[in-house]
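Student: There's a structure below that I have some questions on.
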Amino acid sequence: MLQFITKRTATLVAAVVVSSFAVFLIPYFTPGDPVRKIIRSRVAGDAVDDSAVQGLSESLGLDDPLAVQYFRWLGDFFSGDMGLSFVSRTPVAEQVLPALSVTLSLVTMSLVLAAAVALPLGILSGLRPGSVADKAITAVTQALIAMPEYWVAPVLVLVFALKLSVLPTAGWNDLSSAVLPALTLALRPISFFTSAVRAGIIDAAAAEHVPAARARGLSQGQAILRHVVPNGLVPLSTLFAVWFAGLLGGSVIVEVIFAVPGMGRLLFDAVVNSDIPLAQGGVVVVVALAVGVTTLADFVHRFLSRTVGGTLA
Amino acid sequence: MRSSLRPRVLLAAAAALTLTGCGFSGTQTQSTQPSAAADTSQRIVVDNFRAPVANWAVESDAAYILSLSGCLETLTTYNQAEGKVLPSLATGWKQSSPLDWDFSIREGVKFQDGTDLTAESVVSALNHVLDAKVPARAFNRTMISSVTAVDARTVRVSTPAENPLVPYRLASVNTGILAPAAYKPEGLDPFGHCTGPFTPVSEKAKQSLTLDRNENYWGGDVQLAGAEVRFITNGPTRAAQVQTGEADISLSIPVASLAALKADKGVSVLGADSPRTATMYMNNGRAPLDNVDVRTAIRDALDLDALAASVYEGAALPATGPFAPSEPWAGEKQDKQQQDVEEARKLLAKAGYTADRPLEIIAIVERAEFADVAAVVQENLKNIGIPVTITSKEYASAEPDVMAGNYDMLLSQRNRLIDIADPIGFLTADYTCKGTYNLSHFCDAEYDRIIAEAASTVDTNERYKLYAEAGRILQDKAVNAWLVNEQATDATRTNVLNYVQDPLSRYVLTAKTAKAAS
């Protein structure tokens with residue numbers, strides 16, 4: 001266990017360093033002058049005064065060599081200071097934490113919704129592979145993969161906000177305002193979760209211990225509930241964690257369309273505006289959470305495998 | 001909460017507002033006219049296209065949000081309909097010497113924290129803008145040498161050279177005046193520190209600003225109890241919110257949403273010329289586009305009517321030159337450019353152009369429609385024998401080559417009034433020989449002379465005549481191909497009263513803005 005924790009901690013530190021360095025380099029390896037991008041993010045318009053560029057560059061320390069700039073940031077970070085945003089000149093933490101809170105809520109709602117839909121569908125489908133129900137469920141859930149968020153979101157707005165007038169079009173105020181963005185984000189996970197549960201159930205149902213359990217006197221329903229379903233759900237924990245980590249910074253389209261002030265928008269704007277400290281701070285938090293969540297998922301997976309395995313023995 | 005925001009259908013009929021203009025005909029600003037009584041207990045929701053990014057720094061574009069919200073006020077304002085600068089926190093001004101302008105500060109104005117507006121507080125506020133690390137385009141040390149208090153009610157603004165446009169500069173939202181307590185070491189705090197009809201009371205970061213009526217407003221009774229200004233950067237979402245009634249006013253409606261809004265009886269759509277003209281910049285400094293005949297041929301080859309109708313779906317008008325026809329400096333009525341393929345071919349032959357020198361158009365990706373515009377232009381130029389390749393690039397990626405003169409043609413658009421309500425900055429930066437943003441690499445001594453004269457001409461009408469003359473030179477020399485004049489489009493619920501559209505979205509909520517009873 002100690003070895004596992006040590007290994008994961010090392011992974012976390014390495015991930016933070018690598019990701020923060022990669023983000024740090026983006027403005028320098030993408031077209032355009034980073035300082036001009038910062039100025040344009042504050043003052044719209046193309047013409048930028050050279051003296052303003054020079055003045056801002058000096059005051060932000062962007063004239064220093066890249067290595068100096070990066071290690072200055074890294075030193076501050078490991079002493080607990082994420083720095084000031086280049087654009088707003090406010091502490092990065094004050095922007096990242098509220099956005100993270102919003103995204104955590106949104107992603108949790110989306111994945112819980114996805115799991116709630118996928119579980120019964122996957123179980124039903126897996127217990128009767130090849131049936132009409134299985135084919136229908138597979139067809140519908142596979143179709144969801146082909147629906148991009150930038151198409152699904154306006155359709156949902158059209159139906160639920162404009163036509164039915166039952167939900168707001170955008171914003172992040174109360175539970176009702178979270179429904180459409182959560183639903184939009186949930187559609188693709190529903191598809192993947194359903195497939196995973198279906199496959200898990202089929203495998204579990206084909207295992208030798210199921211006929212053995214029947215031979216011990218369990219009814220078909222009891223055998224499914226005790227042995228097939230728990231085994232079938234094990235892969236879901238890992239998949240849930242992977243999607244959770246991915247959506248932490250990957251929900252930018254949904255956040256823009258529904259005006260949700262989350263991490264996706266924050267990271268996107270930070271990169272576009274060359275707001276390096278904000279982008280670094282945001283990415284580091286997302287990466288750290290992703291590593292944490294996947295580590296937790298590994299624990300859960302091991303625990304479930306052992307527990308479920310124990311019942312089989 | 002939501003249901004209270006959604007006006008009922010009957011209300012829309014009762015409110016029955018009319019528009020002073022109709023459709024997009026290249027008009028000046030439009031407004032909603034009241035035919036129902038205002039209910040002063042109403043609150044209003046405005047969807048703005050811009051979110052504050054710079055911690056409310058007044059020298060940044062955040063000043064637009066504070067201004068449109070009815071919080072931030074300036075010494076002067078620019079009246080779009082009248083085309084002139086009017087008093088606001090200053091009651092008057094005069095040029096006391098060639099380099100000095102004296103502004104008389106209005107008496108009886110209090111900041112929302114109860115302190116008095118004085119010459120000292122104005123000086124402090126304006127010097128804060130001058131000292132900004134990222135200076136405001138309209139008001140910075142290059143054109144303003146000092147701001148001082150002459151006496152308790154007079155502020156002197158001095159310039160390094162004679163500058164007739166100082167009153168225009170003080171209408172820029174970046175010169176908004178806040179109470180001394182607003183300027184804190186950690187940034188600007190507008191809460192309770194403005195002078196306008198609305199007081200900001202709370203902010204949801206990246207989402208919205210909530211304001212209440214300023215009961216002590218110097219400019220008369222405020223007709224709304226309060227407002228919420230939302231930061232909705234996605235255009236279709238703004239359009240949907242005004243349709244559902246979640247928003248009362250939505251600014252900058254995208255073309256794709258216009259048809260649905262126009263068909264909605266509960267919504268009024270207002271359009272006006274924006275100070276933006278989609279332009280195909282041509283590199284006047286490099287062959288073959290250094291030949292005026294080649295440039296003229298390219299301009300003659302373009303079918304602007306088709307372009308406006310197809311790519312812009314009728315929500316933009318074919319351009320007549322570097323200015324929109326409704327702008328007071330556009331000069332006498334200009335005819336729109338007519339496609340003349342035969343003439344274009346003759347000019348190309350005269351210039352000795354041959355197809356073995358294909359041209360490249362850079363379409364910047366920040367404006368999605370430019371890819372389609374480029375395709376239309378490519379087809380038009382093919383008809384006169386010019387092979388064209390299209391390259392899509394981010395503006396930041398294209399800029400170094402464009403500024404260095406290593407390009408043929410670039411599709412872009414510029415705001416002519418980005419700094420002040422006068423095109424001098426644009427005409428100087430973009431077209432004079434030493435212009436800092438001369439993408440066309442155009443240089444003409446006569447043009448420079450006219451612009452220099454305009455820059456020191458106090459009389460507005462005379463200055464506008466000089467701008468028109470400068471515009472004619474640009475047109476005659478076919479410096480660029482001006483394609484379409486873009487329209488600023490806002491939408492309001494029909495129970496919104498006294499909303500006057502400002503194409504630059506500086507003024508939205510005023511003391512007079514109101515809503516009919518629901």
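Residue numbering restarts at 1 in every chain; chains get A, B, ... in the order shown in the structure tokens, and ligands count up from 1 in that same order.
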Would you list which chain A residues are within 9 Å of chain B using only C-alpha atoms, as a short mmCIF file (atom, residue, chain, number, x, y, z; two decimals) with C-alpha atoms, in the first residue's frame?

Tutor:
```
data_model
loop_
_atom_site.label_atom_id
_atom_site.label_comp_id
_atom_site.auth_asym_id
_atom_site.auth_seq_id
_atom_site.Cartn_x
_atom_site.Cartn_y
_atom_site.Cartn_z
CA THR A 30 1.66 29.55 -30.81
CA PRO A 31 1.47 32.38 -33.34
CA GLY A 32 1.43 35.94 -32.13
CA ASP A 33 3.05 37.98 -29.41
CA ARG A 36 -0.18 41.81 -27.44
CA LYS A 37 -2.67 39.06 -26.69
CA ILE A 39 -3.41 43.74 -24.06
CA SER A 41 -7.88 40.78 -23.90
CA ARG A 42 -8.19 43.98 -21.84
CA VAL A 43 -8.83 46.46 -24.63
CA ALA A 44 -10.62 45.29 -27.78
CA GLY A 45 -9.14 46.25 -31.11
CA ASP A 46 -6.24 45.30 -33.27
CA ALA A 47 -3.92 48.29 -33.12
CA VAL A 48 -1.67 47.97 -30.07
CA ASP A 49 0.77 50.66 -29.06
CA ASP A 50 4.41 49.47 -28.98
CA ALA A 52 2.33 49.68 -24.04
CA VAL A 53 3.71 46.32 -25.16
CA GLY A 55 5.84 48.58 -20.55
CA LEU A 56 3.62 45.60 -19.83
CA SER A 59 6.16 44.91 -15.50
CA VAL A 87 -5.01 40.02 -17.40
CA SER A 88 -7.00 40.87 -14.27
CA ARG A 89 -4.06 41.26 -11.83
CA THR A 90 -6.07 39.39 -9.21
CA GLN A 95 -10.51 32.76 -9.98
CA PRO A 98 -14.95 29.33 -7.76
CA PRO A 154 -28.97 24.37 -28.94
CA VAL A 157 -32.50 24.94 -25.55
CA LEU A 158 -34.92 25.02 -28.46
CA ALA A 161 -36.53 26.67 -23.09
CA LEU A 162 -38.03 28.11 -26.26
CA LYS A 163 -40.83 25.64 -27.04
CA SER A 165 -40.64 27.06 -21.51
CA LEU A 167 -36.12 25.44 -18.19
CA PRO A 168 -33.90 28.52 -18.46
CA THR A 169 -31.69 28.90 -21.51
CA ALA A 170 -28.50 29.69 -19.64
CA GLY A 171 -26.89 30.80 -16.41
CA TRP A 172 -25.76 29.15 -13.21
CA VAL A 256 -19.86 28.80 -23.23
CA ILE A 257 -23.28 27.93 -24.65
CA PHE A 258 -24.96 27.85 -21.25
CA ALA A 259 -22.94 30.71 -19.74
CA VAL A 260 -21.62 28.48 -16.98
CA PRO A 261 -18.63 30.06 -15.20
#
```

Student: At a cut-off of 6 Å, using only C-alpha atoms, what residues contact segment 260-270 of chain B? Leave out same-chain residues fewer than 2 positions from it and give the result as a PDB file with N, CA and C atoms, in the first residue's frame.

Tutor:
```pdb
ATOM      1  N   ALA B  12     -47.278  42.073 -24.254  1.00  0.00           N
ATOM      2  CA  ALA B  12     -46.603  42.479 -25.481  1.00  0.00           C
ATOM      3  C   ALA B  12     -47.557  43.240 -26.384  1.00  0.00           C
ATOM      4  N   GLN B  30     -31.655  53.421 -33.699  1.00  0.00           N
ATOM      5  CA  GLN B  30     -33.092  53.290 -33.532  1.00  0.00           C
ATOM      6  C   GLN B  30     -33.416  53.244 -32.055  1.00  0.00           C
ATOM      7  N   SER B 257     -29.698  34.470 -35.843  1.00  0.00           N
ATOM      8  CA  SER B 257     -30.871  34.503 -34.954  1.00  0.00           C
ATOM      9  C   SER B 257     -31.898  35.549 -35.373  1.00  0.00           C
ATOM     10  N   LEU B 258     -31.589  36.355 -36.388  1.00  0.00           N
ATOM     11  CA  LEU B 258     -32.449  37.495 -36.713  1.00  0.00           C
ATOM     12  C   LEU B 258     -33.841  37.076 -37.175  1.00  0.00           C
ATOM     13  N   THR B 489     -26.937  45.085 -34.142  1.00  0.00           N
ATOM     14  CA  THR B 489     -28.324  44.656 -33.958  1.00  0.00           C
ATOM     15  C   THR B 489     -28.583  44.320 -32.498  1.00  0.00           C
ATOM     16  N   ASP B 490     -29.569  44.972 -31.933  1.00  0.00           N
ATOM     17  CA  ASP B 490     -30.005  44.662 -30.574  1.00  0.00           C
ATOM     18  C   ASP B 490     -31.452  44.193 -30.642  1.00  0.00           C
ATOM     19  N   ALA B 491     -31.873  43.494 -29.604  1.00  0.00           N
ATOM     20  CA  ALA B 491     -33.279  43.072 -29.528  1.00  0.00           C
ATOM     21  C   ALA B 491     -33.806  43.385 -28.140  1.00  0.00           C
ATOM     22  N   THR B 492     -35.062  43.828 -28.095  1.00  0.00           N
ATOM     23  CA  THR B 492     -35.669  44.127 -26.789  1.00  0.00           C
ATOM     24  C   THR B 492     -37.042  43.475 -26.719  1.00  0.00           C
ATOM     25  N   ARG B 493     -37.509  43.204 -25.505  1.00  0.00           N
ATOM     26  CA  ARG B 493     -38.905  42.830 -25.338  1.00  0.00           C
ATOM     27  C   ARG B 493     -39.750  44.064 -25.675  1.00  0.00           C
ATOM     28  N   THR B 494     -40.946  43.857 -26.111  1.00  0.00           N
ATOM     29  CA  THR B 494     -41.740  45.001 -26.574  1.00  0.00           C
ATOM     30  C   THR B 494     -42.237  45.885 -25.429  1.00  0.00           C
TER      31      THR B 494
END
```

Student: Can you tell me, as a PyMOL selection string, what residues are no more than 12 Å from segment 67-84 of chain A when counting only C-alpha atoms, ignoring any on the same chain fewer than 2 positions away?

Tutor: (chain A and resi 13+16-25+60-65+86-97+275-285) or (chain B and resi 54-55+186)

Student: If you keep N, CA and C atoms, can you produce a file of those selected residues as a CSV table (one decimal), in the first residue's frame?

Tutor:
```
chain,number,residue,atom,x,y,z
A,13,VAL,N,3.3,14.7,-8.7
A,13,VAL,CA,4.3,15.8,-8.8
A,13,VAL,C,4.8,15.9,-10.2
A,16,VAL,N,2.1,17.5,-12.3
A,16,VAL,CA,2.0,19.0,-12.1
A,16,VAL,C,3.2,19.7,-12.8
A,17,VAL,N,4.4,19.2,-12.7
A,17,VAL,CA,5.5,19.9,-13.3
A,17,VAL,C,5.4,19.8,-14.8
A,18,VAL,N,5.1,18.7,-15.4
A,18,VAL,CA,5.1,18.5,-16.8
A,18,VAL,C,3.9,19.4,-17.4
A,19,SER,N,2.7,19.3,-16.8
A,19,SER,CA,1.6,20.0,-17.3
A,19,SER,C,1.8,21.5,-17.2
A,20,SER,N,2.3,21.9,-16.1
A,20,SER,CA,2.5,23.4,-15.9
A,20,SER,C,3.5,23.9,-16.9
A,21,PHE,N,4.5,23.1,-17.2
A,21,PHE,CA,5.6,23.6,-18.1
A,21,PHE,C,5.0,23.6,-19.5
A,22,ALA,N,4.2,22.6,-19.9
A,22,ALA,CA,3.6,22.6,-21.2
A,22,ALA,C,2.7,23.8,-21.4
A,23,VAL,N,1.9,24.1,-20.4
A,23,VAL,CA,1.0,25.2,-20.5
A,23,VAL,C,1.8,26.5,-20.6
A,24,PHE,N,2.9,26.6,-19.8
A,24,PHE,CA,3.7,27.8,-19.8
A,24,PHE,C,4.3,28.0,-21.2
A,25,LEU,N,4.5,27.0,-21.9
A,25,LEU,CA,5.2,27.2,-23.2
A,25,LEU,C,4.2,27.5,-24.3
A,60,LEU,N,5.5,42.7,-16.2
A,60,LEU,CA,5.1,41.3,-15.9
A,60,LEU,C,6.3,40.3,-15.9
A,61,GLY,N,7.5,40.8,-16.1
A,61,GLY,CA,8.7,40.0,-16.1
A,61,GLY,C,8.8,39.1,-17.3
A,62,LEU,N,8.1,39.5,-18.4
A,62,LEU,CA,8.1,38.6,-19.6
A,62,LEU,C,9.4,38.9,-20.4
A,63,ASP,N,10.2,39.8,-20.0
A,63,ASP,CA,11.5,40.0,-20.7
A,63,ASP,C,12.5,39.0,-20.2
A,64,ASP,N,12.3,38.4,-19.1
A,64,ASP,CA,13.3,37.5,-18.5
A,64,ASP,C,13.3,36.2,-19.3
A,65,PRO,N,14.5,35.5,-19.3
A,65,PRO,CA,14.5,34.2,-20.0
A,65,PRO,C,13.4,33.3,-19.5
A,86,PHE,N,-2.3,37.6,-15.3
A,86,PHE,CA,-1.7,38.7,-16.2
A,86,PHE,C,-2.8,39.7,-16.6
A,87,VAL,N,-4.0,39.2,-16.8
A,87,VAL,CA,-5.0,40.0,-17.4
A,87,VAL,C,-5.7,40.8,-16.3
A,88,SER,N,-6.2,40.2,-15.3
A,88,SER,CA,-7.0,40.9,-14.3
A,88,SER,C,-6.2,41.4,-13.1
A,89,ARG,N,-4.9,40.9,-13.0
A,89,ARG,CA,-4.1,41.3,-11.8
A,89,ARG,C,-4.7,40.9,-10.5
A,90,THR,N,-5.5,39.9,-10.5
A,90,THR,CA,-6.1,39.4,-9.2
A,90,THR,C,-5.5,38.0,-9.0
A,91,PRO,N,-5.5,37.5,-7.7
A,91,PRO,CA,-4.9,36.2,-7.4
A,91,PRO,C,-5.5,35.1,-8.2
A,92,VAL,N,-4.7,34.3,-8.8
A,92,VAL,CA,-5.2,33.1,-9.6
A,92,VAL,C,-6.2,32.3,-8.8
A,93,ALA,N,-5.8,32.0,-7.5
A,93,ALA,CA,-6.6,31.1,-6.7
A,93,ALA,C,-8.0,31.7,-6.6
A,94,GLU,N,-8.2,33.0,-6.5
A,94,GLU,CA,-9.5,33.6,-6.4
A,94,GLU,C,-10.4,33.3,-7.7
A,95,GLN,N,-9.7,33.0,-8.8
A,95,GLN,CA,-10.5,32.8,-10.0
A,95,GLN,C,-10.7,31.3,-10.2
A,96,VAL,N,-9.7,30.5,-9.8
A,96,VAL,CA,-9.7,29.1,-10.1
A,96,VAL,C,-10.7,28.4,-9.1
A,97,LEU,N,-10.7,28.7,-7.9
A,97,LEU,CA,-11.5,27.9,-6.9
A,97,LEU,C,-13.0,28.1,-7.2
A,275,ASP,N,-2.8,34.4,-20.7
A,275,ASP,CA,-2.8,34.6,-19.2
A,275,ASP,C,-2.1,33.4,-18.6
A,276,ILE,N,-0.7,33.4,-18.7
A,276,ILE,CA,0.0,32.2,-18.3
A,276,ILE,C,-0.2,31.7,-16.8
A,277,PRO,N,-0.1,32.6,-15.9
A,277,PRO,CA,-0.3,32.2,-14.5
A,277,PRO,C,-1.7,31.6,-14.3
A,278,LEU,N,-2.7,32.1,-14.9
A,278,LEU,CA,-4.1,31.6,-14.7
A,278,LEU,C,-4.2,30.2,-15.4
A,279,ALA,N,-3.6,30.1,-16.6
A,279,ALA,CA,-3.7,28.8,-17.3
A,279,ALA,C,-2.9,27.8,-16.5
A,280,GLN,N,-1.7,28.1,-16.0
A,280,GLN,CA,-1.0,27.2,-15.2
A,280,GLN,C,-1.7,26.8,-14.0
A,281,GLY,N,-2.2,27.7,-13.2
A,281,GLY,CA,-2.9,27.4,-12.0
A,281,GLY,C,-4.1,26.5,-12.3
A,282,GLY,N,-4.9,26.8,-13.3
A,282,GLY,CA,-6.1,26.1,-13.6
A,282,GLY,C,-5.7,24.6,-14.0
A,283,VAL,N,-4.7,24.5,-14.9
A,283,VAL,CA,-4.3,23.2,-15.4
A,283,VAL,C,-3.8,22.3,-14.2
A,284,VAL,N,-3.0,22.9,-13.4
A,284,VAL,CA,-2.4,22.2,-12.3
A,284,VAL,C,-3.5,21.6,-11.4
A,285,VAL,N,-4.4,22.5,-11.1
A,285,VAL,CA,-5.5,22.0,-10.2
A,285,VAL,C,-6.3,20.9,-10.9
B,54,ALA,N,-10.8,42.4,-16.6
B,54,ALA,CA,-9.6,43.1,-16.0
B,54,ALA,C,-10.0,43.7,-14.7
B,55,ASN,N,-10.8,43.0,-13.9
B,55,ASN,CA,-11.1,43.4,-12.5
B,55,ASN,C,-11.6,44.8,-12.5
B,186,GLU,N,-5.7,47.1,-4.6
B,186,GLU,CA,-5.9,45.8,-5.3
B,186,GLU,C,-6.7,45.9,-6.5
```

Student: Near Gln338 of chain B, within 9 Å and counting only C-alpha atoms, which residues show up once chain neighbours fewer than 2 positions away are dropped, as a list in words?

Tutor: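 In the requested format, the answer is Asp300, Ala301, Leu302, Asp303, Leu304, Asp305, Asp335, Lys336 and Asp340 of chain B.
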
Student: Just C-alpha atoms for this one: save the residues we selected as a PDB file, in the first residue's frame.

Tutor:
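The resulting file, out.pdb, is shown below:
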```
ATOM      1  CA  ASP B 300     -14.616  46.347 -59.877  1.00  0.00           C
ATOM      2  CA  ALA B 301     -14.738  42.565 -60.052  1.00  0.00           C
ATOM      3  CA  LEU B 302     -16.519  42.157 -56.754  1.00  0.00           C
ATOM      4  CA  ASP B 303     -20.247  41.566 -56.545  1.00  0.00           C
ATOM      5  CA  LEU B 304     -20.984  43.198 -53.208  1.00  0.00           C
ATOM      6  CA  ASP B 305     -24.758  42.812 -53.479  1.00  0.00           C
ATOM      7  CA  ASP B 335     -23.045  55.158 -54.845  1.00  0.00           C
ATOM      8  CA  LYS B 336     -22.350  51.609 -53.955  1.00  0.00           C
ATOM      9  CA  ASP B 340     -18.033  45.716 -63.795  1.00  0.00           C
TER      10      ASP B 340
END
```

Student: Using the chain letters and numbers from this document, which residues of segment 98-295 of chain B does DSSP assign to strand (DSSP E or B), as a ChimeraX atom specification?

Tutor: /B:100-105,110,116,146-151,154-158,177,183-184,187-188,198-204,208-213,226-231,249-250,267-282

Student: To one decimal in Å, tell me the separation between atom CA of Thr76 of chain B and atom CA of Leu178 of chain B.

Tutor: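 Computing it gives 14.4 Å between the two atoms.
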
Student: Tell me, in Å to one decimal, how far atom CA of Val500 of chain B is from atom CA of Gln42 of chain B.

Tutor: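 The value is 18.3 Å.
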